[in-house]
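For reference, upload_22.cif is printed below; it contains mmCIF, C-alpha atoms.
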```
data_coords
#
loop_
_atom_site.label_atom_id
_atom_site.label_comp_id
_atom_site.auth_asym_id
_atom_site.auth_seq_id
_atom_site.Cartn_x
_atom_site.Cartn_y
_atom_site.Cartn_z
CA MET A 179 247.65 36.77 28.45
CA HIS A 180 244.47 38.13 26.83
CA LEU A 181 244.86 41.40 28.72
CA LEU A 182 248.40 41.76 27.46
CA LEU A 183 247.93 40.80 23.84
CA PHE A 184 244.49 42.02 22.78
CA ARG A 185 244.17 45.73 22.29
CA ARG A 186 241.09 47.23 23.94
CA GLY A 187 241.78 50.95 23.74
CA LYS A 188 244.13 53.12 21.75
CA ILE A 189 247.24 51.65 23.35
CA PRO A 190 247.99 47.92 23.62
CA GLY A 191 248.85 46.22 26.90
CA ALA A 192 247.14 46.50 30.27
CA ARG A 193 247.38 48.76 33.28
CA GLU A 194 248.34 47.61 36.72
CA TRP A 195 244.86 48.06 38.19
CA GLU A 196 243.39 45.85 35.45
CA PHE A 197 245.62 43.00 36.54
CA LYS A 198 244.72 43.55 40.18
CA GLU A 199 241.06 43.36 39.25
CA LYS A 200 241.18 40.36 36.90
CA VAL A 201 244.09 38.28 38.25
CA GLY A 202 244.15 39.24 41.90
CA LYS A 203 246.66 40.61 44.36
CA ASN A 204 249.38 38.13 43.42
CA TYR A 205 249.31 39.24 39.78
CA GLU A 206 253.05 40.03 39.88
CA GLN A 207 253.87 36.37 40.52
CA VAL A 208 251.56 35.32 37.69
CA LEU A 209 253.26 37.81 35.37
CA ALA A 210 256.70 36.54 36.42
CA GLN A 211 255.70 32.98 35.53
CA LEU A 212 254.22 34.10 32.25
CA ASN A 213 257.42 35.99 31.52
CA GLU A 214 259.41 32.79 31.89
CA LEU A 215 257.17 31.07 29.38
CA LEU A 216 257.35 33.96 26.96
CA SER A 217 261.14 34.22 27.14
CA GLU A 218 261.34 30.90 25.28
CA LEU A 219 259.58 32.65 22.39
CA ASP A 220 262.01 35.64 22.50
CA LEU A 221 259.30 37.76 24.08
CA GLU A 222 259.13 39.47 27.44
CA ILE A 223 256.69 41.38 29.61
CA LYS A 224 257.70 45.00 30.02
CA LYS A 225 256.49 47.36 32.68
CA VAL A 226 256.46 50.91 31.43
CA THR A 227 255.75 53.93 33.57
CA GLU A 228 254.81 57.25 32.06
CA PRO A 229 257.33 59.75 33.40
CA ARG A 230 257.19 63.44 32.62
CA SER A 231 259.74 63.99 29.91
CA GLU A 232 261.36 66.86 31.85
CA GLU A 233 262.25 64.32 34.48
CA MET A 234 263.82 61.93 32.02
CA THR A 235 266.76 60.21 33.67
CA THR A 236 268.38 56.82 33.25
CA GLU A 237 265.95 55.38 35.79
CA GLY A 238 263.10 56.45 33.54
CA GLY A 239 261.46 58.63 36.17
CA ARG A 240 258.90 57.76 38.80
CA ALA A 241 255.19 57.51 38.23
CA SER A 242 252.24 56.49 40.31
CA LEU A 243 251.06 52.86 40.18
CA GLU A 244 248.00 53.79 38.15
CA GLU A 245 250.24 55.00 35.37
CA ALA A 246 252.22 51.79 35.04
CA ARG A 247 251.38 49.67 32.00
CA TYR A 248 252.44 46.18 30.99
CA PHE A 249 253.21 45.14 27.43
CA VAL A 250 254.54 42.08 25.66
CA ALA A 251 257.56 43.10 23.61
CA LEU A 252 260.26 41.42 21.60
CA LYS A 253 263.11 40.45 23.91
CA GLY A 254 265.82 40.49 21.26
CA THR A 255 266.18 42.83 18.33
CA LEU A 256 265.33 42.68 14.64
CA GLY A 257 267.68 42.72 11.67
CA VAL A 258 267.31 45.03 8.68
CA LYS A 259 265.68 42.29 6.57
CA GLU A 260 263.18 41.40 9.30
CA ALA A 261 262.27 45.07 9.80
CA LYS A 262 261.59 45.34 6.07
CA MET A 263 259.46 42.21 6.21
CA ILE A 264 257.19 43.70 8.89
CA GLY A 265 256.59 46.75 6.74
CA TRP A 266 259.25 49.27 7.74
CA ARG A 267 261.28 51.21 5.20
CA ILE A 268 264.95 51.81 5.94
CA ASP A 269 264.63 55.58 5.49
CA ASN A 270 261.67 55.68 7.92
CA LEU A 271 263.67 53.75 10.51
CA ALA A 272 266.63 56.09 9.98
CA ALA A 273 264.38 59.13 10.43
CA LEU A 274 262.84 57.65 13.59
CA SER A 275 266.32 56.94 14.93
CA ALA A 276 267.41 60.53 14.25
CA SER A 277 264.20 61.99 15.73
CA VAL A 278 264.37 60.00 18.95
CA ALA A 279 268.11 60.64 19.43
CA TYR A 280 267.62 64.36 18.82
CA LEU A 281 264.72 64.60 21.28
CA VAL A 282 266.64 62.66 23.93
CA SER A 283 269.61 65.03 23.51
CA LYS A 284 267.17 67.91 24.08
CA GLN A 285 265.87 66.31 27.29
CA GLY A 286 262.86 64.80 25.56
CA LYS A 287 261.38 68.00 24.14
CA ALA A 288 262.07 70.14 21.07
CA ALA A 289 260.20 72.49 18.78
CA ARG A 290 258.62 70.74 15.77
CA GLU A 291 260.35 73.20 13.45
CA ASP A 292 263.78 72.22 14.75
CA LEU A 293 263.06 68.53 14.36
CA GLU A 294 261.74 69.00 10.83
CA LYS A 295 264.81 71.07 9.96
CA LEU A 296 267.08 68.26 11.15
CA LEU A 297 265.19 65.64 9.14
CA ALA A 298 264.91 67.91 6.10
CA GLN A 299 268.71 68.04 5.79
CA LYS A 300 268.72 64.31 5.17
CA PHE A 301 265.33 63.47 3.72
CA GLY A 302 264.06 66.71 2.14
CA ARG A 303 261.48 69.15 3.50
CA TRP A 304 258.26 67.47 2.38
CA LYS A 305 259.35 64.03 3.41
CA ALA A 306 260.45 65.40 6.81
CA ILE A 307 256.95 66.78 7.44
CA THR A 308 255.35 63.50 6.35
CA LEU A 309 257.70 61.45 8.51
CA VAL A 310 256.98 63.53 11.62
CA ASP A 311 253.24 63.05 10.97
CA ILE A 312 253.74 59.29 10.65
CA PHE A 313 255.67 59.14 13.94
CA LEU A 314 252.96 61.17 15.65
CA ARG A 315 250.23 58.89 14.30
CA THR A 316 252.02 55.72 15.36
CA GLY A 317 252.67 57.00 18.89
CA TYR A 318 256.46 57.31 18.69
CA LEU A 319 256.24 61.07 19.11
CA GLU A 320 253.76 63.43 20.73
CA GLU A 321 253.01 67.07 20.01
CA ASP A 322 251.37 69.61 22.29
CA ASP A 323 249.33 72.68 21.33
CA ALA A 324 252.45 74.88 21.25
CA GLY A 325 254.06 72.62 18.62
CA THR A 326 256.54 71.13 21.06
CA MET A 327 257.49 67.56 20.25
CA SER A 328 258.14 64.96 22.92
CA LEU A 329 258.68 61.21 23.10
CA GLY A 330 255.48 59.19 22.73
CA TRP A 331 254.22 56.16 24.61
CA ARG A 332 255.56 53.82 21.93
CA THR A 333 259.10 55.18 22.22
CA ARG A 334 258.98 54.77 26.00
CA SER A 335 257.73 51.20 25.58
CA GLU A 336 259.81 49.93 22.70
CA ILE A 337 263.12 51.76 22.57
CA ASP A 338 266.03 51.26 24.91
CA LEU A 339 267.08 54.91 24.96
CA ARG A 340 270.36 54.33 26.73
CA ALA A 341 271.35 51.71 24.15
CA LEU A 342 270.29 53.99 21.30
CA MET A 343 272.35 56.93 22.54
CA THR A 344 275.38 54.72 23.26
CA LYS A 345 275.21 53.10 19.82
CA MET A 346 274.72 56.49 18.21
CA ALA A 347 277.79 57.89 19.96
CA GLU A 348 279.85 54.84 19.11
CA ALA A 349 278.78 54.58 15.47
CA LYS A 350 281.56 55.19 13.00
CA VAL A 351 280.67 57.65 10.27
CA MET B 83 263.48 116.51 44.01
CA THR B 84 260.01 118.07 43.79
CA SER B 85 256.83 116.03 44.17
CA THR B 86 256.07 116.50 40.42
CA GLU B 87 259.47 115.08 39.49
CA LYS B 88 258.92 112.20 41.94
CA THR B 89 255.55 111.39 40.34
CA LYS B 90 257.11 111.60 36.87
CA GLY B 91 259.92 109.27 37.95
CA SER B 92 257.37 106.88 39.42
CA ARG B 93 255.36 106.90 36.16
CA THR B 94 258.49 106.09 34.13
CA GLY B 95 259.41 103.34 36.59
CA LEU B 96 255.90 101.92 36.40
CA SER B 97 255.75 101.72 32.62
CA SER B 98 259.33 100.49 32.17
CA GLY B 99 258.79 98.01 35.02
CA ARG B 100 255.71 96.54 33.37
CA LYS B 101 257.60 96.31 30.08
CA GLU B 102 260.59 94.57 31.65
CA LEU B 103 258.41 92.07 33.51
CA LYS B 104 256.56 91.21 30.32
CA GLU B 105 259.90 90.65 28.59
CA ILE B 106 261.03 88.34 31.40
CA ILE B 107 257.77 86.37 31.12
CA GLU B 108 258.20 86.04 27.35
CA THR B 109 261.76 84.78 27.76
CA CYS B 110 260.63 82.30 30.42
CA ASP B 111 257.85 81.05 28.13
CA SER B 112 260.33 80.58 25.29
CA ILE B 113 262.54 78.56 27.61
CA SER B 114 259.56 76.42 28.66
CA GLU B 115 258.85 75.79 24.98
CA ARG B 116 262.46 74.65 24.57
CA LYS B 117 263.40 77.53 22.28
CA PHE B 118 266.32 78.52 24.53
CA ASN B 119 268.60 76.83 27.00
CA PRO B 120 267.30 77.31 30.61
CA PHE B 121 270.63 78.91 31.54
CA PHE B 122 270.07 81.58 28.89
CA LEU B 123 268.17 83.59 31.52
CA ASP B 124 269.95 85.11 34.52
CA VAL B 125 267.37 84.29 37.20
CA LYS B 126 269.19 86.37 39.82
CA LEU B 127 268.97 89.43 37.59
CA GLY B 128 265.27 88.68 37.03
CA VAL B 129 264.63 88.59 40.79
CA GLU B 130 266.58 91.83 41.25
CA THR B 131 264.42 93.44 38.56
CA LEU B 132 261.31 92.35 40.43
CA ARG B 133 262.69 93.79 43.65
CA GLN B 134 263.61 97.05 41.91
CA TYR B 135 260.13 97.66 40.55
CA PHE B 136 258.08 96.28 43.44
CA PRO B 137 257.69 99.72 45.17
CA PHE B 138 256.17 101.17 41.97
CA TRP B 139 253.22 98.76 41.68
CA GLU B 140 249.88 100.48 42.08
CA THR B 141 247.08 98.29 40.81
CA PHE B 142 245.94 94.75 41.41
CA GLU B 143 247.03 93.88 37.83
CA ASP B 144 250.58 95.05 38.61
CA HIS B 145 250.78 92.70 41.58
CA CYS B 146 249.34 89.86 39.48
CA LEU B 147 252.03 90.54 36.85
CA ASP B 148 254.65 90.46 39.60
CA ALA B 149 253.32 87.13 40.91
CA HIS B 150 253.13 85.68 37.40
CA THR B 151 256.77 86.66 36.76
CA ILE B 152 257.85 84.91 39.97
CA ASN B 153 255.92 81.84 38.86
CA ARG B 154 257.61 81.80 35.42
CA LEU B 155 261.06 82.38 36.97
CA SER B 156 260.52 79.45 39.34
CA GLU B 157 259.64 77.29 36.31
CA VAL B 158 262.98 78.29 34.72
CA VAL B 159 264.80 77.36 37.95
CA ARG B 160 263.04 73.97 37.84
CA LEU B 161 264.13 73.49 34.22
CA GLN B 162 267.71 74.46 35.12
CA ASN B 163 267.63 71.86 37.89
CA THR B 164 266.26 69.24 35.47
CA GLN B 165 268.94 70.06 32.92
CA LEU B 166 271.71 69.64 35.48
CA LYS B 167 270.24 66.28 36.54
CA PHE B 168 269.92 65.25 32.90
CA GLN B 169 273.50 66.26 32.10
CA SER B 170 274.75 64.09 34.94
CA SER B 171 272.76 61.08 33.66
CA ALA B 172 273.98 58.52 31.14
CA LEU B 173 271.47 59.77 28.55
CA TYR B 174 273.17 63.12 28.15
CA VAL B 175 274.55 63.82 24.70
CA ASP B 176 275.14 67.28 23.31
CA PRO B 177 272.35 68.12 20.78
CA GLU B 178 274.96 69.56 18.42
CA PHE B 179 276.82 66.26 18.49
CA VAL B 180 273.63 64.35 17.61
CA THR B 181 272.89 66.77 14.78
CA ARG B 182 276.39 66.31 13.29
CA LYS B 183 276.11 62.52 13.66
CA VAL B 184 272.74 62.42 11.92
CA GLU B 185 274.07 64.59 9.09
CA ARG B 186 277.09 62.40 8.53
CA MET B 187 275.68 58.91 9.11
CA SER B 188 274.12 57.03 6.21
CA GLU B 189 270.45 56.09 6.35
CA LYS B 190 271.35 52.44 6.61
CA LYS B 191 273.70 53.06 9.52
CA LEU B 192 271.07 55.13 11.34
CA ALA B 193 268.51 52.36 10.84
CA GLU B 194 270.96 49.73 12.11
CA VAL B 195 271.69 51.76 15.25
CA PHE B 196 267.96 52.04 15.85
CA LEU B 197 267.29 48.34 15.29
CA GLN B 198 269.87 47.41 17.94
CA SER B 199 267.85 49.25 20.57
CA TRP B 200 264.33 48.53 19.34
CA HIS B 201 262.08 45.94 20.97
CA PRO B 202 258.69 46.33 19.23
CA VAL B 203 255.51 45.70 21.18
CA THR B 204 253.63 42.52 20.27
CA GLU B 205 249.88 42.54 20.01
CA LEU B 206 247.02 40.76 18.27
CA GLU B 207 244.53 42.63 16.16
CA GLN B 208 240.88 41.92 16.82
CA LEU B 209 237.40 43.02 15.88
CA THR B 210 235.54 45.32 18.24
CA ASN B 211 231.83 46.11 18.43
CA GLY B 212 232.51 49.54 16.94
CA ALA B 213 234.49 48.11 14.01
CA VAL B 214 231.71 45.56 13.26
CA ALA B 215 229.05 48.33 13.35
CA ASP B 216 231.13 50.47 10.96
CA ALA B 217 231.58 47.52 8.62
CA LEU B 218 227.82 46.79 8.63
CA ASP B 219 227.00 50.43 7.87
CA TYR B 220 229.46 50.41 4.99
CA TRP B 221 228.06 47.13 3.63
CA ASN B 222 224.45 48.35 3.82
CA LEU B 223 225.33 51.53 1.93
CA LEU B 224 227.37 49.73 -0.71
CA LEU B 225 225.64 49.40 -4.08
CA PRO B 226 225.68 46.10 -6.00
CA ILE B 227 228.75 45.76 -8.22
CA GLU B 228 226.63 46.10 -11.42
CA GLU B 229 225.32 49.45 -10.23
CA ARG B 230 228.80 50.69 -9.44
CA TRP B 231 230.16 49.60 -12.83
CA LYS B 232 227.28 51.34 -14.59
CA ARG B 233 228.39 54.68 -13.19
CA ARG B 234 231.69 54.49 -15.01
CA GLU B 235 231.51 55.48 -18.59
CA TYR B 236 234.44 54.67 -20.71
CA SER B 237 235.43 56.29 -23.95
CA GLN B 238 238.32 55.97 -26.28
CA GLY B 239 238.98 59.71 -26.05
CA ASN B 240 239.97 61.92 -28.94
CA ARG B 241 243.10 61.48 -30.93
CA PRO B 242 245.77 64.17 -30.50
CA GLU B 243 245.24 67.11 -32.83
CA THR B 244 246.67 70.57 -33.43
CA THR B 245 245.18 73.70 -31.90
CA ASP B 246 245.65 77.44 -32.15
CA SER B 247 247.12 79.88 -29.65
CA ASP B 248 243.69 81.34 -28.68
CA THR B 249 242.48 77.94 -27.46
CA LEU B 250 245.68 77.44 -25.46
CA THR B 251 245.26 80.89 -23.89
CA GLY B 252 241.64 80.06 -23.09
CA LEU B 253 242.68 76.85 -21.38
CA GLY B 254 245.24 78.73 -19.30
CA ILE B 255 248.13 76.73 -20.81
CA ARG B 256 249.56 79.71 -22.66
CA GLY B 257 249.43 83.30 -21.47
CA LYS B 258 250.69 85.13 -18.45
CA GLU B 259 253.23 83.44 -16.25
CA PHE B 260 251.79 81.69 -13.21
CA GLY B 261 253.63 84.03 -10.83
CA GLU B 262 252.27 87.11 -12.62
CA GLN B 263 248.71 85.79 -12.41
CA LEU B 264 249.18 85.14 -8.72
CA ILE B 265 250.56 88.61 -8.01
CA GLY B 266 247.74 90.15 -10.06
CA LEU B 267 245.10 88.38 -8.02
CA TRP B 268 246.90 89.29 -4.78
CA ASN B 269 246.87 92.96 -5.82
CA ASP B 270 243.13 92.70 -6.59
CA LEU B 271 242.51 91.25 -3.15
CA ARG B 272 244.57 93.94 -1.42
CA GLN B 273 242.80 96.66 -3.35
CA LEU B 274 239.38 95.27 -2.46
CA TYR B 275 240.46 94.92 1.17
CA SER B 276 241.67 98.53 1.32
CA VAL B 277 238.34 99.72 -0.12
CA GLU B 278 236.03 97.60 2.04
CA LYS B 279 238.31 97.77 5.12
CA ARG B 280 237.16 94.35 6.31
CA PRO B 281 237.88 90.69 5.40
CA ILE B 282 236.64 89.76 1.93
CA ASP B 283 234.07 87.00 1.52
CA TYR B 284 235.74 84.01 -0.18
CA TRP B 285 232.91 83.25 -2.63
CA LYS B 286 232.47 86.89 -3.53
CA PHE B 287 236.14 87.09 -4.43
CA VAL B 288 236.51 83.86 -6.41
CA LYS B 289 233.22 84.26 -8.31
CA GLY B 290 233.97 84.82 -11.98
CA ALA B 291 231.90 85.45 -15.09
CA SER B 292 231.79 81.74 -15.86
CA TYR B 293 232.21 78.48 -14.00
CA GLN B 294 235.60 78.03 -15.66
CA GLU B 295 236.78 81.42 -14.42
CA THR B 296 235.49 80.71 -10.89
CA VAL B 297 237.44 77.45 -10.77
CA GLN B 298 240.53 79.23 -12.11
CA ARG B 299 240.30 82.00 -9.48
CA ALA B 300 239.72 79.46 -6.69
CA TYR B 301 242.78 77.58 -7.94
CA TYR B 302 244.97 80.70 -7.74
CA VAL B 303 243.49 81.70 -4.36
CA SER B 304 244.52 78.30 -2.98
CA PHE B 305 248.12 79.17 -3.92
CA LEU B 306 247.79 82.66 -2.41
CA VAL B 307 246.82 81.05 0.90
CA THR B 308 249.44 78.27 0.70
CA TYR B 309 252.27 80.68 -0.14
CA GLY B 310 251.28 83.08 2.65
CA TYR B 311 250.00 85.93 0.46
CA ALA B 312 246.63 85.77 2.20
CA LYS B 313 244.87 84.11 5.10
CA LEU B 314 241.67 82.08 4.84
CA GLN B 315 239.65 82.36 8.03
CA PRO B 316 236.22 81.21 9.19
CA ASP B 317 233.78 84.01 9.99
CA GLY B 318 230.57 82.51 11.33
CA ASP B 319 229.16 80.36 8.52
CA GLN B 320 231.33 82.06 5.94
CA MET B 321 234.95 81.93 4.90
CA VAL B 322 236.84 85.17 4.49
CA LEU B 323 240.12 86.18 2.93
CA VAL B 324 242.57 88.63 4.51
CA PRO B 325 245.56 89.69 2.36
CA ASN B 326 249.01 89.91 3.95
CA ASP B 327 251.15 92.96 3.24
CA GLU B 328 254.14 90.73 2.62
CA PRO B 329 254.00 87.01 1.79
CA SER B 330 254.93 85.18 4.97
CA GLU B 331 257.43 82.45 4.09
CA LYS B 332 256.98 80.69 7.39
CA THR B 333 254.31 78.02 7.39
CA ALA B 334 251.89 78.47 10.26
CA SER B 335 251.84 75.62 12.76
CA GLY B 336 248.73 73.48 12.65
CA THR B 337 248.13 74.25 8.95
CA VAL B 338 245.59 71.89 7.46
CA SER B 339 244.54 70.96 3.95
CA PHE B 340 241.01 72.24 3.39
CA PRO B 341 239.14 71.18 0.24
CA ILE B 342 236.44 73.58 -1.01
CA PRO B 343 234.02 72.06 -3.53
CA ILE B 344 232.80 74.49 -6.19
CA PRO B 345 229.16 73.83 -7.16
CA ARG B 346 228.29 73.97 -10.87
CA GLY B 347 225.99 76.94 -10.43
CA SER B 348 228.87 79.13 -9.17
#
```
For this file, write the structure as structure tokens.
Amino acid sequence: MHLLLFRRGKIPGAREWEFKEKVGKNYEQVLAQLNELLSELDLEIKKVTEPRSEEMTTEGGRASLEEARYFVALKGTLGVKEAKMIGWRIDNLAALSASVAYLVSKQGKAAREDLEKLLAQKFGRWKAITLVDIFLRTGYLEEDDAGTMSLGWRTRSEIDLRALMTKMAEAKV
Amino acid sequence: MTSTEKTKGSRTGLSSGRKELKEIIETCDSISERKFNPFFLDVKLGVETLRQYFPFWETFEDHCLDAHTINRLSEVVRLQNTQLKFQSSALYVDPEFVTRKVERMSEKKLAEVFLQSWHPVTELEQLTNGAVADALDYWNLLLPIEERWKRREYSQGNRPETTDSDTLTGLGIRGKEFGEQLIGLWNDLRQLYSVEKRPIDYWKFVKGASYQETVQRAYYVSFLVTYGYAKLQPDGDQMVLVPNDEPSEKTASGTVSFPIPIPRGS
């Protein structure tokens, strides 16, 4: 539980090898039991692999065991009021929604300029730049040296991309 | 065909071949950077081009260029394969469709859609050795509250009063339009650059007759750099200015805010 909840590096959660080392070989059974306990609190243990974004498919790609990471995440979802209470602004959530959906539609990668242009249409140029910086800082997006944006570790861990794209397609304007 | 004509033809083929291969590499790189759709490039035509020019290659560099082009083309084939896989997956949505949706959906609706698919990670914040060391350093450097209050001097300030046009001109409130001042300084910089034929030292350029003028020139130079009229570059320990012939409207990627303190003696 300590491994899962207390942040030790830049990213919360624990890697598979850490569990093997601290809990032992049967760590998966321990995690399954813990998951049952946590589900009563509307929490769940999530295993997230780090696939290459080019290989983004519905299965989430394959990665080696060393790359797998376990987190504790909210099992259900939050309402607008709850999201506001934990410090999120509606326009920031809307921009994050648009950014992630756009990147997914571009197979997980797009030029920063294009993303900023999309956000600028709705939020204005300066705010678009600021928002992209915020999403980069919080780990929802990543940027490489060539200015290509991709989905960050936090998006892979927290967002159900299939649900997002389905809801986006179904949403009435 | 005479041997001279053959050699001439070979020369033309060599130079045009190198040019075409470089163009193919550039297109492949743009595709890798997601600027174009992977199917934008006709890979078959690219391979045929390679085959066409292969007999002309003379030097080791030519063969390296050939190999590099094959490598970039294979990357495009990989991206085409990925795109086809992606299009057949449940995550595929046309980017144009997403763009239209984002444009037309309200912010609240977008946020609601996001919240229905968002399961935030839970974690507990804690103190680390590094954070405690930082806090101790900060605490040890912090002056007592009385000392910090002493540093602040308060005054009532002057009451509003009238002034003449010379004072307003001197303060830079009245006078030439901002744009005119900026263009004037840009012209000065270009002129100096054309005379010296090398980047102009930042401090040499902003230095004015008085401290006030130096600050004013530095202020305008900051706008010259921001608006793309000039570039500010490091040159060893110094900073240098290079004027652009035309103001570039596009903001360079990786642009950073860079404060430059101006010492009183300047």
Name the residues that the PyMOL selection byres ((chain A and resi 349) around 12) pulls out of this structure, and write them as a compact mmCIF listing (two decimals) with C-alpha atoms, in the coordinates of the input.
```txt
# COMPACT_ATOMS: atom_id res chain seq x y z
CA ALA A 341 271.35 51.71 24.15
CA LEU A 342 270.29 53.99 21.30
CA MET A 343 272.35 56.93 22.54
CA THR A 344 275.38 54.72 23.26
CA LYS A 345 275.21 53.10 19.82
CA MET A 346 274.72 56.49 18.21
CA ALA A 347 277.79 57.89 19.96
CA GLU A 348 279.85 54.84 19.11
CA LYS A 350 281.56 55.19 13.00
CA VAL A 351 280.67 57.65 10.27
CA VAL B 180 273.63 64.35 17.61
CA LYS B 183 276.11 62.52 13.66
CA VAL B 184 272.74 62.42 11.92
CA ARG B 186 277.09 62.40 8.53
CA MET B 187 275.68 58.91 9.11
CA SER B 188 274.12 57.03 6.21
CA LYS B 190 271.35 52.44 6.61
CA LYS B 191 273.70 53.06 9.52
CA LEU B 192 271.07 55.13 11.34
CA ALA B 193 268.51 52.36 10.84
CA GLU B 194 270.96 49.73 12.11
CA VAL B 195 271.69 51.76 15.25
CA PHE B 196 267.96 52.04 15.85
CA GLN B 198 269.87 47.41 17.94
```
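Compared by their closest atoms to Ile265 in chain B, and using all atoms listed in the file, the residues B:Pro316, B:Pro242, B:Pro226, B:Pro325 rank with B:Pro325 nearest.
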One decimal, Å: what's the distance from CA of Leu314 in chain B over to CA of Ser292 in chain B, could you say?
22.9 Å
Extract, using all atoms listed in the file, all DNA, RNA and protein residues at most 7 Å from range 102-111 of chain B, discarding same-chain residues fewer than 5 positions from it, and format them as a ChimeraX atom specification.
/B:151,154-155,158
For Arg280 in chain B, list every protein, DNA or RNA residue within 10 Å, evaluated using all atoms listed in the file, and leave out those in the same chain fewer than 6 positions away; present the list as a list in words.
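These residues fall inside the cut-off: Leu274, Val322, Leu323 and Val324 of chain B.
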Residues matched by the PyMOL selection byres ((chain B and resi 296) around 12) as a PyMOL selection string:
chain B and resi 284-295+297-303+343-348
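Taking only C-alpha atoms into account, Thr326 in chain A lies nearest to B:Ile113 out of the set B:Ile113, B:Leu225, B:Val203, B:Leu96.
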re CA of Asp327 in chain B and CA of Asp270 in chain B: distance 12.7 Å
Determine, counting only C-alpha atoms, which protein, DNA and RNA residues have an atom within 10 Å of an atom of Phe121 in chain B; residues of the same chain fewer than 5 positions away are not included. Present the result as a list in words.
Ile113, Val158, Val159, Leu161, Gln162, Asn163 and Gln165 of chain B
Residues selected by the PyMOL selection byres ((chain A and resi 320) around 12), written as a PyMOL selection string
chain A and resi 231+277-278+281+286-290+310-319+321-334
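With CA of Ala273 in chain A on one side and CA of Leu252 in chain A on the other, the separation reads 21.3 Å.
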One residue among B:Trp221, B:Phe118, B:Trp139, B:Tyr174 is nearest to chain A when using all atoms listed in the file, and that residue is B:Tyr174
Please export range 146-161 of chain B as a PDB file, in the first residue's frame, restricted to N, CA and C atoms.
```
ATOM      1  N   CYS B 146      25.965   6.590 -48.789  1.00  0.00           N
ATOM      2  CA  CYS B 146      25.380   6.834 -47.457  1.00  0.00           C
ATOM      3  C   CYS B 146      24.018   7.513 -47.613  1.00  0.00           C
ATOM      4  N   LEU B 147      23.952   8.468 -48.549  1.00  0.00           N
ATOM      5  CA  LEU B 147      22.691   9.183 -48.802  1.00  0.00           C
ATOM      6  C   LEU B 147      21.626   8.195 -49.288  1.00  0.00           C
ATOM      7  N   ASP B 148      22.051   7.286 -50.155  1.00  0.00           N
ATOM      8  CA  ASP B 148      21.157   6.259 -50.676  1.00  0.00           C
ATOM      9  C   ASP B 148      20.620   5.381 -49.523  1.00  0.00           C
ATOM     10  N   ALA B 149      21.541   4.963 -48.659  1.00  0.00           N
ATOM     11  CA  ALA B 149      21.150   4.100 -47.530  1.00  0.00           C
ATOM     12  C   ALA B 149      20.218   4.859 -46.574  1.00  0.00           C
ATOM     13  N   HIS B 150      20.530   6.124 -46.353  1.00  0.00           N
ATOM     14  CA  HIS B 150      19.714   6.940 -45.448  1.00  0.00           C
ATOM     15  C   HIS B 150      18.288   7.092 -46.011  1.00  0.00           C
ATOM     16  N   THR B 151      18.199   7.266 -47.334  1.00  0.00           N
ATOM     17  CA  THR B 151      16.878   7.408 -47.967  1.00  0.00           C
ATOM     18  C   THR B 151      16.074   6.123 -47.797  1.00  0.00           C
ATOM     19  N   ILE B 152      16.743   4.991 -47.959  1.00  0.00           N
ATOM     20  CA  ILE B 152      16.041   3.701 -47.777  1.00  0.00           C
ATOM     21  C   ILE B 152      15.527   3.599 -46.337  1.00  0.00           C
ATOM     22  N   ASN B 153      16.381   4.013 -45.412  1.00  0.00           N
ATOM     23  CA  ASN B 153      16.001   3.971 -43.997  1.00  0.00           C
ATOM     24  C   ASN B 153      14.759   4.836 -43.741  1.00  0.00           C
ATOM     25  N   ARG B 154      14.745   6.060 -44.284  1.00  0.00           N
ATOM     26  CA  ARG B 154      13.619   6.976 -44.062  1.00  0.00           C
ATOM     27  C   ARG B 154      12.352   6.450 -44.742  1.00  0.00           C
ATOM     28  N   LEU B 155      12.529   5.842 -45.937  1.00  0.00           N
ATOM     29  CA  LEU B 155      11.360   5.280 -46.638  1.00  0.00           C
ATOM     30  C   LEU B 155      10.773   4.118 -45.837  1.00  0.00           C
ATOM     31  N   SER B 156      11.651   3.309 -45.242  1.00  0.00           N
ATOM     32  CA  SER B 156      11.147   2.172 -44.458  1.00  0.00           C
ATOM     33  C   SER B 156      10.378   2.680 -43.232  1.00  0.00           C
ATOM     34  N   GLU B 157      10.821   3.813 -42.674  1.00  0.00           N
ATOM     35  CA  GLU B 157      10.112   4.415 -41.540  1.00  0.00           C
ATOM     36  C   GLU B 157       8.702   4.847 -41.980  1.00  0.00           C
ATOM     37  N   VAL B 158       8.599   5.395 -43.190  1.00  0.00           N
ATOM     38  CA  VAL B 158       7.281   5.812 -43.712  1.00  0.00           C
ATOM     39  C   VAL B 158       6.382   4.592 -43.910  1.00  0.00           C
ATOM     40  N   VAL B 159       6.977   3.493 -44.409  1.00  0.00           N
ATOM     41  CA  VAL B 159       6.188   2.261 -44.589  1.00  0.00           C
ATOM     42  C   VAL B 159       5.673   1.783 -43.230  1.00  0.00           C
ATOM     43  N   ARG B 160       6.541   1.881 -42.213  1.00  0.00           N
ATOM     44  CA  ARG B 160       6.133   1.479 -40.851  1.00  0.00           C
ATOM     45  C   ARG B 160       4.973   2.351 -40.361  1.00  0.00           C
ATOM     46  N   LEU B 161       5.073   3.661 -40.624  1.00  0.00           N
ATOM     47  CA  LEU B 161       4.008   4.576 -40.200  1.00  0.00           C
ATOM     48  C   LEU B 161       2.705   4.300 -40.959  1.00  0.00           C
TER      49      LEU B 161
END
```
